[in-house]
Amino acid sequence: MNFEFTEEQIMIQQAARDYAQRELITDVIERDAKGIFPEHHIKNLANLGFLGMLVDPKYDGGGMDTISYVLAMEEISKVDSSVAVVMSVNNSLVCYGIEKYGNEAQREKFLKPLARGEKIGAFLLSEPEAGSDATSQRTTAEDKGDHYLINGTKNWITNANCGSTYIVIAQTDPAKGHKGINAIIVEKNTPGISLGPHEDKMGMRSSDTHSVMFTDVKVPKENRIGEDGFGFKFAMKTLEGGRIGIASQALGIASGAMERAIQYSKERKAFGKLISQHQGIAFKLSDMAVKVENARNLCLKAAWLKDNGKPYGTASAMAKYYAAEIAMQVTTEAVQIHGGYGYVKEYHVERLMREAKLTQIYEGTSEIQQIVISRALLED
Ligand code: CAA
């Protein structure tokens with residue numbers, strides 16, 4: 001085993017850290033308070049190659065490995081998960097989905113601008129009545145010979161407004177259940193698409209979340225990804241990688257909160273000494289560090305498996321489950337260590353705590369990860 005990063009991986013980690021600590025930090029509190037989409041930061045990250053970092057250079061991507069992606073996601077998420085989630089959805093759900101399962105024409109037309117960060121992608125699986133129970137798709141993609149006619153509503157869609165390339169999961173043949181579902185690339189400017197209002201969320205408030213309504217949206221057949229009926233498996237396979245992204249995000253939220261707690265405990269005095277010298281605080285810090293290190297190792301293991309062409313679905317579910325759970329625990333403790341200061345916005349940890357909550361919910365709740373993990377343990 002080799003626990004060392006390559007020079008390139010360290011450079012990517014450093015570039016992400018520099019950008020997060022110098023640029024993202026300057027307006028993160030205001031953007032969070034007002035729910036302002038981080039447009040200029042997304043452009044800057046596109047220039048750094050972070051929006052298509054996993055894509056092969058022949059499709060204008062960065063050609064970086066998944067380990068580098070984990071390292072970059074952690075650094076960005078230490079400061080601003082609203083930005084990190086744009087990176088995660090674009091890289092691991094949309095770019096990966098088209099690169100791995102699309103055809104050459106789709107890669108040329110849709111993947112290249114996404115990999116360059118000129119366009120942003122969104123992944124439209126969740127519905128008002130199909131969140132965890134993802135096979136219960138009500139959105140329909142009626143087969144009309146040379147095109148599909150899409151009708152229905154998608155919910156909680158990250159990048160719905162800033163994104164212009166959608167991957168829509170929809171039911172073509174209800175009689176076939178999940179085997180009748182398709183994944184179809186839809187350009188947002190197609191007539192018949194409308195958006196609900198920006199969701200006023202607890203955390204990740206500046207990320208761009210809307211519901212999306214489809215009314216008789218006509219999409220050419222050539223936009224379907226894979227064979228007829230491949231859509232549900234496509235979504236599941238793609239989410240396996242997406243969960244490495246969100247696990248790394250949760251890791252970054254936890255490690256960012258821990259770093260702030262360590263710093264604060266070395267500055268704040270109580271009962272005549274620094275609070276770090278009180279064992280009650282020092283032990284909290286040690287517990288945070290063990291959890292963060294475990295989460296990092298699970299993320300890197302899942303990334304390593306993916307990079308080495310080995311099955312990684314269970315590992316990514318474990319990474320996401322654990323990292324999301326400890327992100328909630330570590331951020332709560334970070335607020336506790338900060339006392340009253342932790343409860344106000346200026347010290348960042350209350351925001352990190354609000355962000356942590358979402359990592360237990362999206363891209364498969366913690367309970368869904370437990371289903372995925374336990375099924376893998378119990379299967380023959
Ligand atoms: N890879 C390939 N195929 C898979 C698979 C995988 N990882 N997981 C399931 N499948 C296949 C099964 O083999 C089965 O196919 P067959 O019938 O041919 O054998 C088919 O898919 C149905 O699988 P299940 O019977 O296991 O289906 P289920 O109804 O029990 O559900 C589930 C499985 C794992 C719970 C799934 O519904 C699930 O993952 N739900 C959570 C959905 C989710 O993560 N949503 C996130 C939304 S995206 C998002 O949040 C993005 C964002 O904006 C940030």
# chains A, B, ... in the order shown; residues from 1 in each chain; ligands from 1

call {"tool": "residues_near_ligand", "arguments": {"ligand": "ligand 1", "cutoff": "8 Å", "atoms": "only C-alpha atoms and all ligand atoms", "output": "JSON, numbers by chain"}}
result
{"A": [85, 88, 89, 93, 122, 123, 124, 125, 126, 131, 132, 133, 134, 135, 136, 156, 157, 158, 159, 178, 179, 209, 232, 233, 234, 236, 237, 239, 240, 242, 246, 313, 361, 362, 363, 364, 365, 368, 369, 371, 372]}

call {"tool": "write_last_selection", "arguments": {"atoms": "N, CA and C atoms", "output": "short mmCIF file (atom, residue, chain, number, x, y, z; two decimals), in the first residue's frame"}}
result
data_model
loop_
_atom_site.label_atom_id
_atom_site.label_comp_id
_atom_site.auth_asym_id
_atom_site.auth_seq_id
_atom_site.Cartn_x
_atom_site.Cartn_y
_atom_site.Cartn_z
N VAL A 85 -20.81 21.76 -4.72
CA VAL A 85 -21.85 20.88 -5.28
C VAL A 85 -21.99 21.10 -6.79
N SER A 88 -19.32 18.97 -8.12
CA SER A 88 -19.60 17.55 -7.97
C SER A 88 -20.63 17.07 -8.99
N VAL A 89 -21.73 17.80 -9.11
CA VAL A 89 -22.78 17.37 -10.05
C VAL A 89 -22.25 17.41 -11.48
N LEU A 93 -21.76 13.43 -12.02
CA LEU A 93 -23.04 12.92 -12.53
C LEU A 93 -23.16 13.17 -14.03
N ALA A 122 -26.98 19.39 -15.19
CA ALA A 122 -27.83 19.02 -14.05
C ALA A 122 -28.35 17.61 -14.27
N PHE A 123 -28.63 16.93 -13.16
CA PHE A 123 -29.03 15.52 -13.18
C PHE A 123 -30.43 15.45 -12.60
N LEU A 124 -31.41 15.11 -13.44
CA LEU A 124 -32.82 15.24 -13.03
C LEU A 124 -33.42 13.86 -12.78
N LEU A 125 -33.24 13.40 -11.55
CA LEU A 125 -33.79 12.10 -11.15
C LEU A 125 -34.95 12.29 -10.17
N SER A 126 -34.73 13.08 -9.11
CA SER A 126 -35.73 13.20 -8.03
C SER A 126 -37.02 13.83 -8.52
N GLY A 131 -38.12 10.20 -4.42
CA GLY A 131 -36.82 10.65 -3.91
C GLY A 131 -35.95 9.43 -3.68
N SER A 132 -36.05 8.86 -2.48
CA SER A 132 -35.32 7.61 -2.19
C SER A 132 -35.82 6.47 -3.07
N ASP A 133 -37.14 6.44 -3.29
CA ASP A 133 -37.75 5.36 -4.09
C ASP A 133 -37.65 5.73 -5.58
N ALA A 134 -36.42 5.63 -6.08
CA ALA A 134 -36.13 6.22 -7.39
C ALA A 134 -36.74 5.47 -8.58
N THR A 135 -37.18 4.22 -8.38
CA THR A 135 -37.79 3.52 -9.52
C THR A 135 -39.20 4.05 -9.81
N SER A 136 -39.79 4.76 -8.85
CA SER A 136 -41.19 5.22 -9.03
C SER A 136 -41.29 6.50 -9.86
N TRP A 156 -35.96 19.40 -6.52
CA TRP A 156 -34.66 19.55 -5.83
C TRP A 156 -33.50 19.47 -6.81
N ILE A 157 -33.63 20.11 -7.95
CA ILE A 157 -32.60 19.94 -8.98
C ILE A 157 -31.48 20.97 -8.81
N THR A 158 -30.30 20.46 -8.46
CA THR A 158 -29.10 21.30 -8.35
C THR A 158 -28.70 21.74 -9.76
N ASN A 159 -28.31 23.00 -9.90
CA ASN A 159 -27.88 23.59 -11.19
C ASN A 159 -29.04 23.74 -12.18
N HIS A 178 -38.83 -0.51 -13.78
CA HIS A 178 -37.57 0.23 -13.92
C HIS A 178 -36.87 -0.07 -15.25
N LYS A 179 -37.24 -1.20 -15.87
CA LYS A 179 -36.62 -1.53 -17.16
C LYS A 179 -37.20 -0.71 -18.31
N THR A 209 -31.03 25.65 -6.70
CA THR A 209 -31.94 24.50 -6.59
C THR A 209 -33.37 24.91 -6.96
N PHE A 232 -32.52 3.52 -15.67
CA PHE A 232 -32.42 3.35 -14.21
C PHE A 232 -31.02 2.86 -13.82
N LYS A 233 -30.51 1.91 -14.60
CA LYS A 233 -29.16 1.40 -14.29
C LYS A 233 -28.14 2.51 -14.51
N PHE A 234 -28.39 3.32 -15.55
CA PHE A 234 -27.51 4.48 -15.79
C PHE A 234 -27.48 5.37 -14.54
N MET A 236 -28.18 4.63 -11.42
CA MET A 236 -27.54 3.96 -10.29
C MET A 236 -26.02 3.92 -10.44
N LYS A 237 -25.57 3.59 -11.66
CA LYS A 237 -24.11 3.51 -11.89
C LYS A 237 -23.48 4.89 -11.73
N LEU A 239 -24.62 7.43 -10.00
CA LEU A 239 -24.65 7.85 -8.59
C LEU A 239 -23.54 7.21 -7.77
N GLU A 240 -23.06 6.05 -8.20
CA GLU A 240 -21.95 5.43 -7.45
C GLU A 240 -20.75 6.38 -7.41
N GLY A 242 -21.04 9.72 -8.12
CA GLY A 242 -21.52 10.96 -7.51
C GLY A 242 -21.34 10.92 -6.01
N ILE A 246 -19.91 13.63 -3.14
CA ILE A 246 -20.62 14.17 -1.96
C ILE A 246 -19.95 13.70 -0.67
N GLY A 313 -19.05 0.64 -5.92
CA GLY A 313 -20.37 1.07 -5.47
C GLY A 313 -20.55 0.97 -3.95
N ILE A 361 -28.68 13.86 3.19
CA ILE A 361 -29.95 13.74 2.47
C ILE A 361 -29.77 13.52 0.97
N TYR A 362 -28.95 14.39 0.32
CA TYR A 362 -28.95 14.27 -1.17
C TYR A 362 -27.98 13.20 -1.69
N GLU A 363 -28.16 12.89 -2.97
CA GLU A 363 -27.47 11.77 -3.64
C GLU A 363 -27.60 10.46 -2.84
N GLY A 364 -28.79 10.27 -2.30
CA GLY A 364 -29.07 9.07 -1.51
C GLY A 364 -28.89 9.39 -0.04
N THR A 365 -29.99 9.30 0.73
CA THR A 365 -29.91 9.59 2.17
C THR A 365 -28.96 8.60 2.85
N ILE A 368 -30.44 5.25 2.65
CA ILE A 368 -30.26 4.58 1.35
C ILE A 368 -28.86 3.98 1.26
N GLN A 369 -27.86 4.68 1.79
CA GLN A 369 -26.50 4.12 1.76
C GLN A 369 -26.47 2.83 2.60
N ILE A 371 -28.90 0.80 2.97
CA ILE A 371 -29.52 -0.26 2.15
C ILE A 371 -28.49 -0.81 1.16
N VAL A 372 -27.78 0.10 0.49
CA VAL A 372 -26.80 -0.34 -0.52
C VAL A 372 -25.72 -1.19 0.14
#

call {"tool": "residues_around", "arguments": {"residues": "Lys269 (chain A)", "least_positions_apart": "6", "cutoff": "12 Å", "atoms": "only C-alpha atoms", "output": "NGL selection string"}}
result
:A and (275-278 or 281 or 337-338)

call {"tool": "write_last_selection", "arguments": {"atoms": "N, CA, C and O atoms", "output": "tab-separated table (two decimals), in the first residue's frame"}}
result
chain	number	residue	atom	x	y	z
A	275	ILE	N	-8.57	27.39	25.98
A	275	ILE	CA	-9.54	26.28	26.12
A	275	ILE	C	-8.98	24.96	25.58
A	275	ILE	O	-9.40	23.89	26.00
A	276	SER	N	-7.99	25.03	24.67
A	276	SER	CA	-7.36	23.80	24.16
A	276	SER	C	-6.66	23.04	25.29
A	276	SER	O	-6.39	21.84	25.17
A	277	GLN	N	-6.32	23.77	26.37
A	277	GLN	CA	-5.63	23.12	27.49
A	277	GLN	C	-6.61	22.50	28.49
A	277	GLN	O	-6.20	21.86	29.45
A	278	HIS	N	-7.89	22.68	28.24
A	278	HIS	CA	-8.88	21.96	29.05
A	278	HIS	C	-9.10	20.59	28.39
A	278	HIS	O	-9.36	20.51	27.18
A	281	ILE	N	-12.08	19.92	26.05
A	281	ILE	CA	-12.00	20.42	24.66
A	281	ILE	C	-10.99	19.58	23.86
A	281	ILE	O	-11.26	19.18	22.72
A	337	ILE	N	-17.67	24.02	20.66
A	337	ILE	CA	-16.36	24.52	21.12
A	337	ILE	C	-16.30	26.05	21.01
A	337	ILE	O	-15.71	26.72	21.85
A	338	HIS	N	-16.95	26.58	19.97
A	338	HIS	CA	-16.98	28.04	19.79
A	338	HIS	C	-17.95	28.74	20.76
A	338	HIS	O	-17.95	29.96	20.83

call {"tool": "atom_distance", "arguments": {"atom1": "CA of Gly177 (chain A)", "atom2": "CA of Gly97 (chain A)"}}
result
21.7 Å

call {"tool": "residues_around", "arguments": {"residues": "Gly342 (chain A)", "least_positions_apart": "2", "cutoff": "12 Å", "atoms": "only C-alpha atoms", "output": "list in words"}}
result
Ala257, Arg260, Ala261, Tyr264, Ser265, Thr331, Thr332, Glu333, Ala334, Val335, Gln336, Ile337, His338, Gly339, Gly340, Val344, Lys345, Glu346, Tyr347, His348, Val349, Glu350, Arg351, Leu352 and Met353 of chain A

call {"tool": "select_by_dssp", "arguments": {"residues": "region 4-102 of chain A", "states": "alpha helix (DSSP H)", "output": "count of residues only"}}
result
60

call {"tool": "closest_residue", "arguments": {"among": "A:Gly145, A:Gly309, A:Pro128, A:Gly52", "to": "Glu222 (chain A)", "atoms": "only C-alpha atoms"}}
result
A:Gly145

call {"tool": "closest_residue", "arguments": {"among": "A:Gly152, A:Gly196, A:Gly252, A:Gly163", "to": "Ala324 (chain A)", "atoms": "only C-alpha atoms"}}
result
A:Gly252

call {"tool": "residues_around", "arguments": {"residues": "region 299-301 of chain A", "least_positions_apart": "2", "cutoff": "8 Å", "atoms": "only C-alpha atoms", "output": "VMD selection string"}}
result
chain A and resid 67 70 244 247 to 248 295 to 297 303 to 305 315 to 316 319 to 320

call {"tool": "residues_around", "arguments": {"residues": "region 327-329 of chain A", "least_positions_apart": "6", "cutoff": "8 Å", "atoms": "only C-alpha atoms", "output": "VMD selection string"}}
result
chain A and resid 250 to 251 253 to 254 353 356 to 357

call {"tool": "write_last_selection", "arguments": {"atoms": "N, CA and C atoms", "output": "JSON list (two decimals), in the first residue's frame"}}
result
[["chain", "number", "residue", "atom", "x", "y", "z"],
["A", 250, "ALA", "N", -18.70, 16.19, 2.23],
["A", 250, "ALA", "CA", -18.96, 16.03, 3.68],
["A", 250, "ALA", "C", -17.64, 16.02, 4.45],
["A", 251, "LEU", "N", -16.65, 15.34, 3.88],
["A", 251, "LEU", "CA", -15.31, 15.32, 4.50],
["A", 251, "LEU", "C", -14.77, 16.75, 4.65],
["A", 253, "ILE", "N", -16.43, 19.57, 4.73],
["A", 253, "ILE", "CA", -17.22, 20.32, 5.73],
["A", 253, "ILE", "C", -16.71, 19.97, 7.13],
["A", 254, "ALA", "N", -16.48, 18.67, 7.36],
["A", 254, "ALA", "CA", -16.00, 18.22, 8.68],
["A", 254, "ALA", "C", -14.59, 18.73, 8.95],
["A", 353, "MET", "N", -22.32, 23.60, 9.76],
["A", 353, "MET", "CA", -23.27, 22.65, 10.37],
["A", 353, "MET", "C", -24.54, 22.55, 9.52],
["A", 356, "ALA", "N", -23.67, 20.52, 6.47],
["A", 356, "ALA", "CA", -23.48, 19.09, 6.75],
["A", 356, "ALA", "C", -24.81, 18.34, 6.64],
["A", 357, "LYS", "N", -25.89, 19.00, 7.08],
["A", 357, "LYS", "CA", -27.18, 18.29, 7.11],
["A", 357, "LYS", "C", -27.57, 17.78, 5.72]]

call {"tool": "residues_around", "arguments": {"residues": "Ala15 (chain A)", "least_positions_apart": "2", "cutoff": "12 Å", "atoms": "only C-alpha atoms", "output": "MDAnalysis selection string"}}
result
chainID A and resid 8:13 17:23 44:45 47:50 68:69 71:76

call {"tool": "write_last_selection", "arguments": {"atoms": "N, CA and C atoms", "output": "PDB file, in the first residue's frame"}}
result
ATOM      1  N   GLU A   8       1.520  15.641  -8.714  1.00  0.00           N
ATOM      2  CA  GLU A   8       0.380  16.257  -9.401  1.00  0.00           C
ATOM      3  C   GLU A   8      -0.831  16.361  -8.470  1.00  0.00           C
ATOM      4  N   GLN A   9      -1.080  15.304  -7.716  1.00  0.00           N
ATOM      5  CA  GLN A   9      -2.223  15.332  -6.784  1.00  0.00           C
ATOM      6  C   GLN A   9      -2.043  16.434  -5.744  1.00  0.00           C
ATOM      7  N   ILE A  10      -0.817  16.597  -5.260  1.00  0.00           N
ATOM      8  CA  ILE A  10      -0.556  17.650  -4.254  1.00  0.00           C
ATOM      9  C   ILE A  10      -0.743  19.036  -4.878  1.00  0.00           C
ATOM     10  N   MET A  11      -0.323  19.188  -6.131  1.00  0.00           N
ATOM     11  CA  MET A  11      -0.493  20.493  -6.808  1.00  0.00           C
ATOM     12  C   MET A  11      -1.972  20.855  -6.966  1.00  0.00           C
ATOM     13  N   ILE A  12      -2.772  19.837  -7.312  1.00  0.00           N
ATOM     14  CA  ILE A  12      -4.217  20.076  -7.493  1.00  0.00           C
ATOM     15  C   ILE A  12      -4.850  20.433  -6.144  1.00  0.00           C
ATOM     16  N   GLN A  13      -4.451  19.705  -5.105  1.00  0.00           N
ATOM     17  CA  GLN A  13      -4.965  19.993  -3.752  1.00  0.00           C
ATOM     18  C   GLN A  13      -4.611  21.424  -3.352  1.00  0.00           C
ATOM     19  N   ARG A  17      -7.022  24.557  -2.519  1.00  0.00           N
ATOM     20  CA  ARG A  17      -6.925  25.210  -1.199  1.00  0.00           C
ATOM     21  C   ARG A  17      -6.704  26.710  -1.363  1.00  0.00           C
ATOM     22  N   ASP A  18      -5.768  27.069  -2.256  1.00  0.00           N
ATOM     23  CA  ASP A  18      -5.472  28.501  -2.472  1.00  0.00           C
ATOM     24  C   ASP A  18      -6.735  29.234  -2.899  1.00  0.00           C
ATOM     25  N   TYR A  19      -7.445  28.649  -3.867  1.00  0.00           N
ATOM     26  CA  TYR A  19      -8.634  29.348  -4.371  1.00  0.00           C
ATOM     27  C   TYR A  19      -9.674  29.488  -3.250  1.00  0.00           C
ATOM     28  N   ALA A  20      -9.887  28.409  -2.508  1.00  0.00           N
ATOM     29  CA  ALA A  20     -10.908  28.440  -1.449  1.00  0.00           C
ATOM     30  C   ALA A  20     -10.540  29.445  -0.359  1.00  0.00           C
ATOM     31  N   GLN A  21      -9.277  29.389   0.093  1.00  0.00           N
ATOM     32  CA  GLN A  21      -8.886  30.219   1.247  1.00  0.00           C
ATOM     33  C   GLN A  21      -8.674  31.684   0.868  1.00  0.00           C
ATOM     34  N   ARG A  22      -8.352  31.940  -0.413  1.00  0.00           N
ATOM     35  CA  ARG A  22      -8.133  33.344  -0.812  1.00  0.00           C
ATOM     36  C   ARG A  22      -9.362  33.997  -1.405  1.00  0.00           C
ATOM     37  N   GLU A  23     -10.133  33.228  -2.189  1.00  0.00           N
ATOM     38  CA  GLU A  23     -11.226  33.838  -2.956  1.00  0.00           C
ATOM     39  C   GLU A  23     -12.614  33.493  -2.398  1.00  0.00           C
ATOM     40  N   ASN A  44     -14.210  30.996 -12.529  1.00  0.00           N
ATOM     41  CA  ASN A  44     -12.797  30.843 -12.146  1.00  0.00           C
ATOM     42  C   ASN A  44     -12.420  29.370 -11.985  1.00  0.00           C
ATOM     43  N   LEU A  45     -13.329  28.591 -11.405  1.00  0.00           N
ATOM     44  CA  LEU A  45     -13.029  27.161 -11.239  1.00  0.00           C
ATOM     45  C   LEU A  45     -12.995  26.447 -12.587  1.00  0.00           C
ATOM     46  N   ASN A  47     -11.888  27.882 -15.266  1.00  0.00           N
ATOM     47  CA  ASN A  47     -10.561  28.226 -15.791  1.00  0.00           C
ATOM     48  C   ASN A  47      -9.458  27.387 -15.159  1.00  0.00           C
ATOM     49  N   LEU A  48      -9.675  26.993 -13.909  1.00  0.00           N
ATOM     50  CA  LEU A  48      -8.695  26.114 -13.247  1.00  0.00           C
ATOM     51  C   LEU A  48      -8.841  24.659 -13.707  1.00  0.00           C
ATOM     52  N   GLY A  49      -9.856  24.392 -14.515  1.00  0.00           N
ATOM     53  CA  GLY A  49     -10.073  23.030 -15.034  1.00  0.00           C
ATOM     54  C   GLY A  49     -10.844  22.139 -14.079  1.00  0.00           C
ATOM     55  N   PHE A  50     -11.474  22.732 -13.046  1.00  0.00           N
ATOM     56  CA  PHE A  50     -12.112  21.915 -12.010  1.00  0.00           C
ATOM     57  C   PHE A  50     -13.519  21.447 -12.359  1.00  0.00           C
ATOM     58  N   SER A  68      -7.400  12.953  -7.014  1.00  0.00           N
ATOM     59  CA  SER A  68      -7.241  14.423  -7.098  1.00  0.00           C
ATOM     60  C   SER A  68      -8.587  15.111  -6.899  1.00  0.00           C
ATOM     61  N   TYR A  69      -9.617  14.487  -7.443  1.00  0.00           N
ATOM     62  CA  TYR A  69     -10.970  15.042  -7.318  1.00  0.00           C
ATOM     63  C   TYR A  69     -11.385  15.090  -5.842  1.00  0.00           C
ATOM     64  N   LEU A  71      -9.402  15.249  -3.276  1.00  0.00           N
ATOM     65  CA  LEU A  71      -8.580  16.261  -2.593  1.00  0.00           C
ATOM     66  C   LEU A  71      -9.116  17.671  -2.889  1.00  0.00           C
ATOM     67  N   ALA A  72      -9.461  17.914  -4.153  1.00  0.00           N
ATOM     68  CA  ALA A  72      -9.967  19.246  -4.528  1.00  0.00           C
ATOM     69  C   ALA A  72     -11.329  19.496  -3.893  1.00  0.00           C
ATOM     70  N   MET A  73     -12.208  18.493  -3.934  1.00  0.00           N
ATOM     71  CA  MET A  73     -13.536  18.653  -3.341  1.00  0.00           C
ATOM     72  C   MET A  73     -13.436  18.945  -1.845  1.00  0.00           C
ATOM     73  N   GLU A  74     -12.505  18.271  -1.166  1.00  0.00           N
ATOM     74  CA  GLU A  74     -12.370  18.528   0.279  1.00  0.00           C
ATOM     75  C   GLU A  74     -11.985  19.989   0.519  1.00  0.00           C
ATOM     76  N   GLU A  75     -11.011  20.479  -0.243  1.00  0.00           N
ATOM     77  CA  GLU A  75     -10.533  21.854   0.000  1.00  0.00           C
ATOM     78  C   GLU A  75     -11.612  22.899  -0.302  1.00  0.00           C
ATOM     79  N   ILE A  76     -12.335  22.713  -1.401  1.00  0.00           N
ATOM     80  CA  ILE A  76     -13.389  23.686  -1.749  1.00  0.00           C
ATOM     81  C   ILE A  76     -14.501  23.629  -0.688  1.00  0.00           C
TER      82      ILE A  76
END

call {"tool": "residues_around", "arguments": {"residues": "region 54-66 of chain A", "least_positions_apart": "6", "cutoff": "8 Å", "atoms": "only C-alpha atoms", "output": "PyMOL selection string"}}
result
chain A and resi 91-92+95-96+99+107-108+111-113+115-116+303-304+306-307

call {"tool": "closest_residue", "arguments": {"among": "A:Ala105, A:Leu114, A:Val94, A:Ile29", "to": "Ala46 (chain A)", "atoms": "only C-alpha atoms"}}
result
A:Leu114

call {"tool": "closest_residue", "arguments": {"among": "A:Glu227, A:Met53, A:Ala84, A:Gln370", "to": "Leu24 (chain A)", "atoms": "only C-alpha atoms"}}
result
A:Ala84

call {"tool": "atom_distance", "arguments": {"atom1": "CA of Glu187 (chain A)", "atom2": "CA of Met213 (chain A)"}}
result
13.4 Å

call {"tool": "select_by_dssp", "arguments": {"residues": "region 137-311 of chain A", "states": "strand (DSSP E or B)", "output": "MDAnalysis selection string"}}
result
chainID A and resid 140:143 147:158 165:171 181:187 193:195 209:220 224 269:270 273:274

call {"tool": "closest_residue", "arguments": {"among": "A:Glu4, A:Pro174, A:Phe110, A:Gly256", "to": "Ile25 (chain A)", "atoms": "only C-alpha atoms"}}
result
A:Gly256

call {"tool": "closest_residue", "arguments": {"among": "A:Lys154, A:His147, A:Arg205, A:Lys218", "to": "Glu30 (chain A)", "atoms": "only C-alpha atoms"}}
result
A:Arg205

call {"tool": "atom_distance", "arguments": {"atom1": "CA of Arg138 (chain A)", "atom2": "CA of Ile193 (chain A)"}}
result
16.3 Å
